[in-house]
Amino acid sequence: MNKENIKAHLGAVIDKDRILDNEPMKNHTSFKVGGPADFLVLPESRDELAAVLACCRENELPFYVMGNGSNLLVRDGGYRGVMIKTRQLDKISVDGEVITAEPGALLKDVAEAALAYSLTGMEFASGIPGSIGGAVVMNAGAYGGEMKDIISEIEVITETGEIRVLPIEDCAMGYRKSIVQENPWYVTRITLRLARGDAAAIKATMDDLNLKRKTKQPLEYPSAGSTFRRPEGYFAGKLVQDCGFKGYSVGGAQVSEKHSGFVINKDNATAADILKLIGEIQAKVKADFGVDMRTEVIVIGEPCD
C-alpha cells in the first residue's frame with residue numbers, strides 16, 4: 001500500500017492535523033536520535049487510540065505504540081509504518097486515595113497530583129522521565145519502589161479491540177516486566193491506590209530523591225535512563241565500569257563519566273553509535289564475567305542503507 005493510501009485510511013479515523021508524515025523520531029525520544037517514521041499519529045482519547053489501532057490492523061499496517069519516548073531508541077533509518085504516540089492522553093483525576101491516569105500522563109505530573117492531595121506512595125517515581133503507561137508496561141522502579149506496589153488495576157485494549165480491566169493480581173508484574181509485554185495489548189488507563197500522608201514529608205522525600213538523581217545521574221545529556229537491566233547478583237553500572245568503559249566513546253555516544261550504567265548522547269550521536277557502544281559493552285562483560293547484559297532500552301526501526 002502506498003503512503004497516500006495509508007494516510008487516507010488513517011485520516012478516516014483521526015484528524016489529519018494529527019498525522020505527521022516523515023516525522024524525525026529524534027524529536028520524540030529522550031536519546032534525541034532516530035530517523036523518520038513514515039507516519040506519526042497523535043490520538044487524544046481512548047476511542048481515537050482504539051480506532052487507529054483497528055485501522056492499522058485491518059489494513060495490515062506495521063505500527064508501534066509509544067509514550068514519552070524515554071526508553072526508546074529508533075535506528076537511523078527510521079520506522080517503516082505508523083508510530084502511535086499516546087502522550088496526549090494525559091488526564092489525571094484524584095478521588096480520595098485513588099488516582100486515575102491516562103497512559104500519556106508523565107510520572108512527575110502524577111506524583112505532583114499525589115502531593116497536591118497529600119497522598120504518599122508515588123514519591124519514588126517523581127523523577128523518572130517517562131509516561132505512566134510505559135512505566136506500567138516495564139514495571140518501572142527506583143529507590144526501592146516499583147509501579148506494582150501502588151497499582152490497583154489497569155485498563156487495556158486487546159488485539160481484538162476489547163477493553164479489559166485487569167486487577168494488579170492479574171498483571172504478572174516482576175522486575176521490568178508485566179503481562180502487557182507478553183501480549184499485543186496497550187494500556188489505556190491506570191488506577192493507583194495510595195495512602196494519606198503529610199504533604200511536607202512527601203515533598204521532602206521527593207526533593208531528596210530528585211537531588212540524588214541529579215547528583216548521581218547524567219541528566220544534562222540526552223539518554224534513555226539506565227541502559228541495562230540489573231543482572232541477577234550484579235549491578236549493571238559496576239560491571240560496565242569494571243570492564244573499563246567509564247567515559248568510553250563510540251562516535252558521539254559515551255558511557256557517562258558520572259554513572260557507568262548510562263549510555264549518553266554526548267555529541268550528536270547517531271543510533272548506530274549508541275548501538276555499537278552497547279554491543280561492545282555486552283561482548284566485553286560476557287567475556288570477562290560471563291554475564292548477559294540485557295538492555296532496558298527498546299530498539300526499533302531500520303538501519304541506514
# chains A, B, ... in the order shown; residues from 1 in each chain; ligands from 1
call {"tool": "residues_around", "arguments": {"residues": "Asp288 (chain A)", "least_positions_apart": "4", "cutoff": "10 Å", "atoms": "only C-alpha atoms", "output": "count of residues only"}}
result
5
call {"tool": "residues_around", "arguments": {"residues": "Thr120 (chain A)", "least_positions_apart": "4", "cutoff": "8 Å", "atoms": "only C-alpha atoms", "output": "JSON, numbers by chain"}}
result
{"A": [114, 115, 194, 195, 196, 197, 198, 202]}
call {"tool": "write_last_selection", "arguments": {"atoms": "C-alpha atoms", "output": "PDB file, in the first residue's frame"}}
result
ATOM      1  CA  ALA A 114      -0.431  12.983  44.623  1.00  0.00           C
ATOM      2  CA  LEU A 115       1.496  15.649  46.513  1.00  0.00           C
ATOM      3  CA  LEU A 194      -2.112   5.496  47.597  1.00  0.00           C
ATOM      4  CA  ALA A 195      -2.263   6.412  51.276  1.00  0.00           C
ATOM      5  CA  ARG A 196      -2.841   9.605  53.207  1.00  0.00           C
ATOM      6  CA  GLY A 197       0.348  11.314  54.261  1.00  0.00           C
ATOM      7  CA  ASP A 198       1.875  14.585  55.317  1.00  0.00           C
ATOM      8  CA  ILE A 202       6.048  13.840  50.885  1.00  0.00           C
TER       9      ILE A 202
END
call {"tool": "closest_atom_pairs", "arguments": {"of": "region 63-153 of chain A", "to": "region 169-174 of chain A", "cutoff": "9 Å", "atoms": "only C-alpha atoms", "output": "JSON lines"}}
result
{"residue": "A:Val136", "atom": "CA", "partner": "A:Met173", "partner_atom": "CA", "distance": 8.7}
{"residue": "A:Val137", "atom": "CA", "partner": "A:Met173", "partner_atom": "CA", "distance": 8.7}
{"residue": "A:Met138", "atom": "CA", "partner": "A:Met173", "partner_atom": "CA", "distance": 8.5}
{"residue": "A:Asn139", "atom": "CA", "partner": "A:Met173", "partner_atom": "CA", "distance": 6.5}
{"residue": "A:Met147", "atom": "CA", "partner": "A:Met173", "partner_atom": "CA", "distance": 8.8}
{"residue": "A:Lys148", "atom": "CA", "partner": "A:Met173", "partner_atom": "CA", "distance": 6.4}
{"residue": "A:Ser152", "atom": "CA", "partner": "A:Glu169", "partner_atom": "CA", "distance": 8.7}
{"residue": "A:Glu153", "atom": "CA", "partner": "A:Cys171", "partner_atom": "CA", "distance": 8.3}
call {"tool": "write_last_selection", "arguments": {"atoms": "N, CA, C and O atoms", "output": "CSV table (one decimal), in the first residue's frame"}}
result
chain,number,residue,atom,x,y,z
A,136,VAL,N,4.1,1.4,33.5
A,136,VAL,CA,3.3,0.2,33.8
A,136,VAL,C,3.8,-1.0,33.0
A,136,VAL,O,4.1,-2.1,33.6
A,137,VAL,N,4.0,-0.8,31.7
A,137,VAL,CA,4.5,-1.9,30.9
A,137,VAL,C,5.8,-2.5,31.4
A,137,VAL,O,6.0,-3.7,31.4
A,138,MET,N,6.7,-1.6,31.8
A,138,MET,CA,8.0,-2.0,32.2
A,138,MET,C,8.1,-2.2,33.7
A,138,MET,O,9.2,-2.6,34.2
A,139,ASN,N,7.0,-2.0,34.5
A,139,ASN,CA,7.1,-2.0,35.9
A,139,ASN,C,8.3,-1.2,36.4
A,139,ASN,O,9.2,-1.7,37.1
A,147,MET,N,6.2,0.3,40.3
A,147,MET,CA,4.8,0.6,40.0
A,147,MET,C,3.9,-0.5,40.6
A,147,MET,O,2.8,-0.1,41.0
A,148,LYS,N,4.3,-1.7,40.6
A,148,LYS,CA,3.4,-2.8,41.1
A,148,LYS,C,3.0,-2.6,42.5
A,148,LYS,O,1.9,-3.1,43.0
A,152,SER,N,-3.6,-0.4,41.5
A,152,SER,CA,-4.8,-1.1,41.9
A,152,SER,C,-5.3,-2.0,40.7
A,152,SER,O,-5.5,-3.2,40.8
A,153,GLU,N,-5.4,-1.3,39.5
A,153,GLU,CA,-5.8,-2.0,38.3
A,153,GLU,C,-5.4,-1.2,37.1
A,153,GLU,O,-5.0,0.0,37.2
call {"tool": "closest_residue", "arguments": {"among": "A:Phe245, A:Ser256, A:Arg80, A:Asp267", "to": "Glu280 (chain A)", "atoms": "only C-alpha atoms"}}
result
A:Phe245
call {"tool": "residues_around", "arguments": {"residues": "Gly121 (chain A)", "least_positions_apart": "3", "cutoff": "12 Å", "atoms": "only C-alpha atoms", "output": "NGL selection string"}}
result
:A and (97-99 or 110-115 or 118 or 124-126 or 143-151 or 192-199 or 201-203 or 205-206)
call {"tool": "write_last_selection", "arguments": {"atoms": "N, CA, C and O atoms", "output": "CSV table (one decimal), in the first residue's frame"}}
result
chain,number,residue,atom,x,y,z
A,97,GLU,N,-8.2,8.5,48.0
A,97,GLU,CA,-6.9,8.0,48.0
A,97,GLU,C,-6.5,7.3,46.6
A,97,GLU,O,-5.5,6.6,46.5
A,98,VAL,N,-7.4,7.5,45.7
A,98,VAL,CA,-7.3,6.8,44.3
A,98,VAL,C,-6.9,7.8,43.3
A,98,VAL,O,-7.6,8.9,43.2
A,99,ILE,N,-5.9,7.6,42.5
A,99,ILE,CA,-5.6,8.4,41.4
A,99,ILE,C,-5.8,7.6,40.1
A,99,ILE,O,-5.3,6.4,40.0
A,110,VAL,N,1.9,13.0,37.7
A,110,VAL,CA,1.1,12.1,38.6
A,110,VAL,C,1.6,12.3,40.0
A,110,VAL,O,0.8,12.4,41.0
A,111,ALA,N,2.9,12.3,40.2
A,111,ALA,CA,3.5,12.5,41.5
A,111,ALA,C,3.1,13.9,42.1
A,111,ALA,O,2.8,14.0,43.3
A,112,GLU,N,3.1,14.9,41.3
A,112,GLU,CA,2.7,16.2,41.7
A,112,GLU,C,1.2,16.3,42.1
A,112,GLU,O,0.8,16.9,43.1
A,113,ALA,N,0.4,15.5,41.4
A,113,ALA,CA,-1.0,15.4,41.8
A,113,ALA,C,-1.2,14.7,43.1
A,113,ALA,O,-2.0,15.2,44.0
A,114,ALA,N,-0.4,13.7,43.3
A,114,ALA,CA,-0.4,13.0,44.6
A,114,ALA,C,0.0,13.9,45.7
A,114,ALA,O,-0.7,14.0,46.8
A,115,LEU,N,1.0,14.7,45.5
A,115,LEU,CA,1.5,15.6,46.5
A,115,LEU,C,0.4,16.7,46.8
A,115,LEU,O,0.2,17.0,48.0
A,118,SER,N,-1.9,15.3,49.2
A,118,SER,CA,-1.2,14.7,50.4
A,118,SER,C,-1.3,13.2,50.4
A,118,SER,O,-1.6,12.5,51.4
A,124,PHE,N,8.8,7.7,44.8
A,124,PHE,CA,9.9,7.1,44.1
A,124,PHE,C,9.9,7.4,42.6
A,124,PHE,O,11.0,7.4,42.0
A,125,ALA,N,8.8,7.6,42.0
A,125,ALA,CA,8.6,7.8,40.6
A,125,ALA,C,8.7,9.2,40.2
A,125,ALA,O,8.6,9.5,39.0
A,126,SER,N,8.8,10.2,41.1
A,126,SER,CA,8.6,11.6,40.7
A,126,SER,C,9.7,12.1,39.8
A,126,SER,O,9.5,13.1,39.1
A,143,TYR,N,14.7,3.6,43.7
A,143,TYR,CA,14.8,3.9,45.1
A,143,TYR,C,13.9,3.1,46.0
A,143,TYR,O,13.3,3.5,46.9
A,144,GLY,N,13.8,1.8,45.6
A,144,GLY,CA,13.1,0.8,46.5
A,144,GLY,C,11.6,0.7,46.2
A,144,GLY,O,10.9,-0.1,46.8
A,145,GLY,N,11.1,1.5,45.2
A,145,GLY,CA,9.7,1.4,44.9
A,145,GLY,C,9.5,0.9,43.5
A,145,GLY,O,10.4,1.1,42.6
A,146,GLU,N,8.4,0.3,43.2
A,146,GLU,CA,8.0,-0.1,41.9
A,146,GLU,C,6.6,0.2,41.6
A,146,GLU,O,5.8,0.3,42.5
A,147,MET,N,6.2,0.3,40.3
A,147,MET,CA,4.8,0.6,40.0
A,147,MET,C,3.9,-0.5,40.6
A,147,MET,O,2.8,-0.1,41.0
A,148,LYS,N,4.3,-1.7,40.6
A,148,LYS,CA,3.4,-2.8,41.1
A,148,LYS,C,3.0,-2.6,42.5
A,148,LYS,O,1.9,-3.1,43.0
A,149,ASP,N,3.7,-1.8,43.3
A,149,ASP,CA,3.4,-1.5,44.7
A,149,ASP,C,2.3,-0.6,44.9
A,149,ASP,O,1.7,-0.6,45.9
A,150,ILE,N,1.9,0.2,43.8
A,150,ILE,CA,0.9,1.2,44.0
A,150,ILE,C,-0.3,1.1,43.0
A,150,ILE,O,-1.3,1.8,43.1
A,151,ILE,N,-0.2,0.2,42.1
A,151,ILE,CA,-1.2,0.0,41.1
A,151,ILE,C,-2.4,-0.8,41.7
A,151,ILE,O,-2.1,-1.8,42.4
A,192,LEU,N,-4.3,4.0,40.6
A,192,LEU,CA,-3.3,3.8,41.7
A,192,LEU,C,-4.1,4.0,43.0
A,192,LEU,O,-5.0,4.8,43.1
A,193,ARG,N,-3.7,3.2,44.0
A,193,ARG,CA,-4.3,3.3,45.3
A,193,ARG,C,-3.1,3.7,46.3
A,193,ARG,O,-2.2,3.0,46.5
A,194,LEU,N,-3.2,5.0,46.7
A,194,LEU,CA,-2.1,5.5,47.6
A,194,LEU,C,-2.6,5.6,49.0
A,194,LEU,O,-3.7,5.0,49.4
A,195,ALA,N,-1.9,6.3,49.9
A,195,ALA,CA,-2.3,6.4,51.3
A,195,ALA,C,-2.2,7.9,51.7
A,195,ALA,O,-1.4,8.6,51.1
A,196,ARG,N,-2.9,8.2,52.7
A,196,ARG,CA,-2.8,9.6,53.2
A,196,ARG,C,-1.5,9.8,53.9
A,196,ARG,O,-0.9,8.9,54.5
A,197,GLY,N,-0.9,11.0,53.7
A,197,GLY,CA,0.3,11.3,54.3
A,197,GLY,C,0.4,12.8,54.6
A,197,GLY,O,-0.5,13.5,54.4
A,198,ASP,N,1.6,13.2,55.0
A,198,ASP,CA,1.9,14.6,55.3
A,198,ASP,C,2.5,15.2,54.1
A,198,ASP,O,3.6,14.8,53.6
A,199,ALA,N,1.9,16.3,53.6
A,199,ALA,CA,2.4,17.0,52.4
A,199,ALA,C,3.8,17.4,52.5
A,199,ALA,O,4.6,17.2,51.6
A,201,ALA,N,6.2,16.2,54.4
A,201,ALA,CA,7.1,15.0,54.4
A,201,ALA,C,7.2,14.4,53.0
A,201,ALA,O,8.3,13.9,52.5
A,202,ILE,N,6.1,14.4,52.3
A,202,ILE,CA,6.0,13.8,50.9
A,202,ILE,C,6.9,14.7,50.0
A,202,ILE,O,7.8,14.2,49.2
A,203,LYS,N,6.8,16.0,50.1
A,203,LYS,CA,7.6,16.9,49.3
A,203,LYS,C,9.1,16.8,49.6
A,203,LYS,O,10.0,16.8,48.7
A,205,THR,N,10.7,14.1,50.7
A,205,THR,CA,11.1,12.9,50.1
A,205,THR,C,11.4,13.0,48.6
A,205,THR,O,12.4,12.6,48.1
A,206,MET,N,10.4,13.7,47.9
A,206,MET,CA,10.5,13.9,46.5
A,206,MET,C,11.8,14.7,46.2
A,206,MET,O,12.6,14.4,45.3
call {"tool": "closest_residue", "arguments": {"among": "A:Lys85, A:Arg18, A:His28, A:Arg176", "to": "Glu296 (chain A)", "atoms": "only C-alpha atoms"}}
result
A:Arg176
call {"tool": "select_by_dssp", "arguments": {"residues": "region 97-292 of chain A", "states": "strand (DSSP E or B)", "output": "number ranges by chain"}}
result
A: 98-101, 106, 119-120, 131, 141-142, 145-146, 151-157, 163-167, 174, 177, 186-193, 195-196, 223, 228, 249-250, 253-255, 263-265
call {"tool": "residues_around", "arguments": {"residues": "Arg229 (chain A)", "least_positions_apart": "2", "cutoff": "10 Å", "atoms": "only C-alpha atoms", "output": "PyMOL selection string"}}
result
chain A and resi 175-176+226-227+231-232+235-237+261+292-297
call {"tool": "write_last_selection", "arguments": {"atoms": "all heavy atoms", "output": "short mmCIF file (atom, residue, chain, number, x, y, z; two decimals), in the first residue's frame"}}
result
data_model
loop_
_atom_site.label_atom_id
_atom_site.label_comp_id
_atom_site.auth_asym_id
_atom_site.auth_seq_id
_atom_site.Cartn_x
_atom_site.Cartn_y
_atom_site.Cartn_z
N TYR A 175 10.32 -7.87 37.90
CA TYR A 175 11.39 -6.92 37.59
C TYR A 175 11.36 -6.57 36.11
O TYR A 175 11.64 -7.40 35.24
CB TYR A 175 12.76 -7.48 37.98
CG TYR A 175 13.89 -6.54 37.60
CD1 TYR A 175 14.05 -5.32 38.25
CD2 TYR A 175 14.79 -6.87 36.59
CE1 TYR A 175 15.06 -4.44 37.90
CE2 TYR A 175 15.82 -6.01 36.23
CZ TYR A 175 15.95 -4.80 36.89
OH TYR A 175 16.95 -3.94 36.53
N ARG A 176 10.99 -5.34 35.81
CA ARG A 176 10.92 -4.76 34.47
C ARG A 176 10.07 -5.61 33.53
O ARG A 176 10.38 -5.76 32.35
CB ARG A 176 12.33 -4.56 33.89
CG ARG A 176 13.22 -3.66 34.73
CD ARG A 176 12.67 -2.25 34.87
NE ARG A 176 13.52 -1.41 35.70
CZ ARG A 176 13.33 -1.20 37.01
NH1 ARG A 176 12.32 -1.78 37.64
NH2 ARG A 176 14.15 -0.44 37.69
N SER A 226 18.70 4.38 32.61
CA SER A 226 19.58 3.22 32.77
C SER A 226 19.54 2.39 31.50
O SER A 226 18.47 1.97 31.05
CB SER A 226 19.12 2.37 33.96
OG SER A 226 19.20 3.09 35.16
N THR A 227 20.71 2.15 30.93
CA THR A 227 20.77 1.44 29.64
C THR A 227 20.50 -0.04 29.80
O THR A 227 19.84 -0.65 28.96
CB THR A 227 22.16 1.65 29.00
OG1 THR A 227 22.42 3.06 28.90
CG2 THR A 227 22.22 1.02 27.62
N PRO A 231 21.55 -7.32 36.11
CA PRO A 231 21.71 -8.78 36.07
C PRO A 231 21.60 -9.35 37.49
O PRO A 231 22.04 -8.72 38.45
CB PRO A 231 23.13 -8.97 35.52
CG PRO A 231 23.55 -7.64 34.99
CD PRO A 231 22.79 -6.62 35.78
N GLU A 232 21.03 -10.51 37.61
CA GLU A 232 20.86 -11.11 38.93
C GLU A 232 22.22 -11.28 39.62
O GLU A 232 23.14 -11.86 39.06
CB GLU A 232 20.15 -12.46 38.81
CG GLU A 232 19.78 -13.06 40.16
CD GLU A 232 18.94 -14.32 40.02
OE1 GLU A 232 18.53 -14.65 38.90
OE2 GLU A 232 18.69 -14.96 41.06
N PHE A 235 25.43 -5.44 39.79
CA PHE A 235 24.97 -4.11 39.44
C PHE A 235 25.49 -3.79 38.04
O PHE A 235 26.70 -3.91 37.79
CB PHE A 235 25.46 -3.07 40.45
CG PHE A 235 24.83 -3.20 41.80
CD1 PHE A 235 25.52 -3.79 42.85
CD2 PHE A 235 23.53 -2.76 42.03
CE1 PHE A 235 24.94 -3.93 44.09
CE2 PHE A 235 22.94 -2.89 43.27
CZ PHE A 235 23.64 -3.48 44.31
N ALA A 236 24.59 -3.40 37.15
CA ALA A 236 24.98 -3.20 35.76
C ALA A 236 26.07 -2.15 35.63
O ALA A 236 27.07 -2.35 34.91
CB ALA A 236 23.76 -2.80 34.93
N GLY A 237 25.92 -1.01 36.31
CA GLY A 237 26.91 0.06 36.19
C GLY A 237 28.29 -0.37 36.64
O GLY A 237 29.30 0.01 36.03
N GLY A 261 26.27 3.19 34.32
CA GLY A 261 25.09 2.49 33.85
C GLY A 261 24.32 3.23 32.78
O GLY A 261 23.33 2.72 32.27
N ASP A 292 25.20 -11.91 30.77
CA ASP A 292 24.48 -11.34 29.64
C ASP A 292 23.85 -10.01 30.08
O ASP A 292 23.08 -9.97 31.04
CB ASP A 292 23.37 -12.28 29.16
CG ASP A 292 23.93 -13.53 28.51
OD1 ASP A 292 24.84 -13.40 27.68
OD2 ASP A 292 23.46 -14.63 28.84
N MET A 293 24.20 -8.94 29.38
CA MET A 293 23.69 -7.61 29.70
C MET A 293 22.50 -7.29 28.80
O MET A 293 22.66 -6.90 27.63
CB MET A 293 24.79 -6.57 29.51
CG MET A 293 25.95 -6.74 30.47
SD MET A 293 25.54 -6.18 32.14
CE MET A 293 25.81 -4.42 31.96
N ARG A 294 21.30 -7.46 29.33
CA ARG A 294 20.09 -7.13 28.58
C ARG A 294 19.78 -5.65 28.74
O ARG A 294 19.95 -5.08 29.82
CB ARG A 294 18.91 -7.95 29.09
CG ARG A 294 19.05 -9.44 28.87
CD ARG A 294 17.84 -10.16 29.47
NE ARG A 294 16.60 -9.72 28.84
CZ ARG A 294 15.41 -9.82 29.42
NH1 ARG A 294 15.30 -10.30 30.65
NH2 ARG A 294 14.32 -9.41 28.78
N THR A 295 19.34 -5.04 27.67
CA THR A 295 19.06 -3.60 27.75
C THR A 295 17.66 -3.35 28.30
O THR A 295 16.73 -4.14 28.09
CB THR A 295 19.16 -2.94 26.36
OG1 THR A 295 18.19 -3.51 25.49
CG2 THR A 295 20.55 -3.10 25.79
N GLU A 296 17.54 -2.24 29.03
CA GLU A 296 16.21 -1.71 29.35
C GLU A 296 15.67 -0.96 28.15
O GLU A 296 14.47 -0.90 27.93
CB GLU A 296 16.28 -0.77 30.56
CG GLU A 296 16.44 -1.48 31.90
CD GLU A 296 16.07 -0.59 33.08
OE1 GLU A 296 15.40 0.44 32.86
OE2 GLU A 296 16.43 -0.94 34.20
N VAL A 297 16.56 -0.38 27.39
CA VAL A 297 16.18 0.40 26.21
C VAL A 297 15.58 -0.52 25.16
O VAL A 297 16.09 -1.60 24.87
CB VAL A 297 17.42 1.10 25.62
CG1 VAL A 297 17.04 1.94 24.41
CG2 VAL A 297 18.09 1.97 26.68
#
call {"tool": "closest_residue", "arguments": {"among": "A:Val299, A:Ala8, A:Leu119, A:Met1", "to": "Gly69 (chain A)", "atoms": "only C-alpha atoms"}}
result
A:Val299
call {"tool": "closest_residue", "arguments": {"among": "A:Leu219, A:Leu211, A:Val165, A:Leu61", "to": "Pro129 (chain A)", "atoms": "only C-alpha atoms"}}
result
A:Leu219
call {"tool": "residues_around", "arguments": {"residues": "Val255 (chain A)", "least_positions_apart": "4", "cutoff": "12 Å", "atoms": "only C-alpha atoms", "output": "number ranges by chain"}}
result
A: 217-218, 221-223, 225-228, 237, 240-241, 243-251, 259-266, 273-278, 280-281
call {"tool": "write_last_selection", "arguments": {"atoms": "C-alpha atoms", "output": "PDB file, in the first residue's frame"}}
result
ATOM      1  CA  GLN A 217      22.912  10.644  37.022  1.00  0.00           C
ATOM      2  CA  PRO A 218      23.944  12.467  33.804  1.00  0.00           C
ATOM      3  CA  TYR A 221      22.787  14.814  28.429  1.00  0.00           C
ATOM      4  CA  PRO A 222      20.203  13.018  26.287  1.00  0.00           C
ATOM      5  CA  SER A 223      19.857   9.356  27.263  1.00  0.00           C
ATOM      6  CA  GLY A 225      17.968   6.428  31.554  1.00  0.00           C
ATOM      7  CA  SER A 226      19.576   3.222  32.773  1.00  0.00           C
ATOM      8  CA  THR A 227      20.772   1.441  29.644  1.00  0.00           C
ATOM      9  CA  PHE A 228      20.932  -2.076  31.050  1.00  0.00           C
ATOM     10  CA  GLY A 237      26.907   0.056  36.189  1.00  0.00           C
ATOM     11  CA  VAL A 240      30.417  -1.696  32.854  1.00  0.00           C
ATOM     12  CA  GLN A 241      32.925   0.263  34.940  1.00  0.00           C
ATOM     13  CA  CYS A 243      35.329  -3.606  32.212  1.00  0.00           C
ATOM     14  CA  GLY A 244      36.966  -0.199  31.707  1.00  0.00           C
ATOM     15  CA  PHE A 245      34.148   1.541  29.868  1.00  0.00           C
ATOM     16  CA  LYS A 246      33.613   4.576  32.101  1.00  0.00           C
ATOM     17  CA  GLY A 247      33.945   7.613  29.804  1.00  0.00           C
ATOM     18  CA  TYR A 248      34.490   5.387  26.756  1.00  0.00           C
ATOM     19  CA  SER A 249      33.073   6.749  23.487  1.00  0.00           C
ATOM     20  CA  VAL A 250      31.964   5.495  20.111  1.00  0.00           C
ATOM     21  CA  GLY A 251      31.318   8.425  17.802  1.00  0.00           C
ATOM     22  CA  HIS A 259      27.364   6.879  36.180  1.00  0.00           C
ATOM     23  CA  SER A 260      28.574   3.932  34.105  1.00  0.00           C
ATOM     24  CA  GLY A 261      25.085   2.493  33.855  1.00  0.00           C
ATOM     25  CA  PHE A 262      24.124   5.257  31.426  1.00  0.00           C
ATOM     26  CA  VAL A 263      24.999   5.487  27.748  1.00  0.00           C
ATOM     27  CA  ILE A 264      24.528   9.139  26.754  1.00  0.00           C
ATOM     28  CA  ASN A 265      24.294  11.158  23.574  1.00  0.00           C
ATOM     29  CA  LYS A 266      27.381  13.245  24.316  1.00  0.00           C
ATOM     30  CA  ASP A 273      26.966   4.937  17.580  1.00  0.00           C
ATOM     31  CA  ILE A 274      24.822   4.066  20.581  1.00  0.00           C
ATOM     32  CA  LEU A 275      24.138   0.524  19.417  1.00  0.00           C
ATOM     33  CA  LYS A 276      27.812  -0.123  18.623  1.00  0.00           C
ATOM     34  CA  LEU A 277      28.785   1.065  22.092  1.00  0.00           C
ATOM     35  CA  ILE A 278      26.119  -1.102  23.713  1.00  0.00           C
ATOM     36  CA  GLU A 280      30.919  -3.604  22.718  1.00  0.00           C
ATOM     37  CA  ILE A 281      29.897  -3.424  26.372  1.00  0.00           C
TER      38      ILE A 281
END
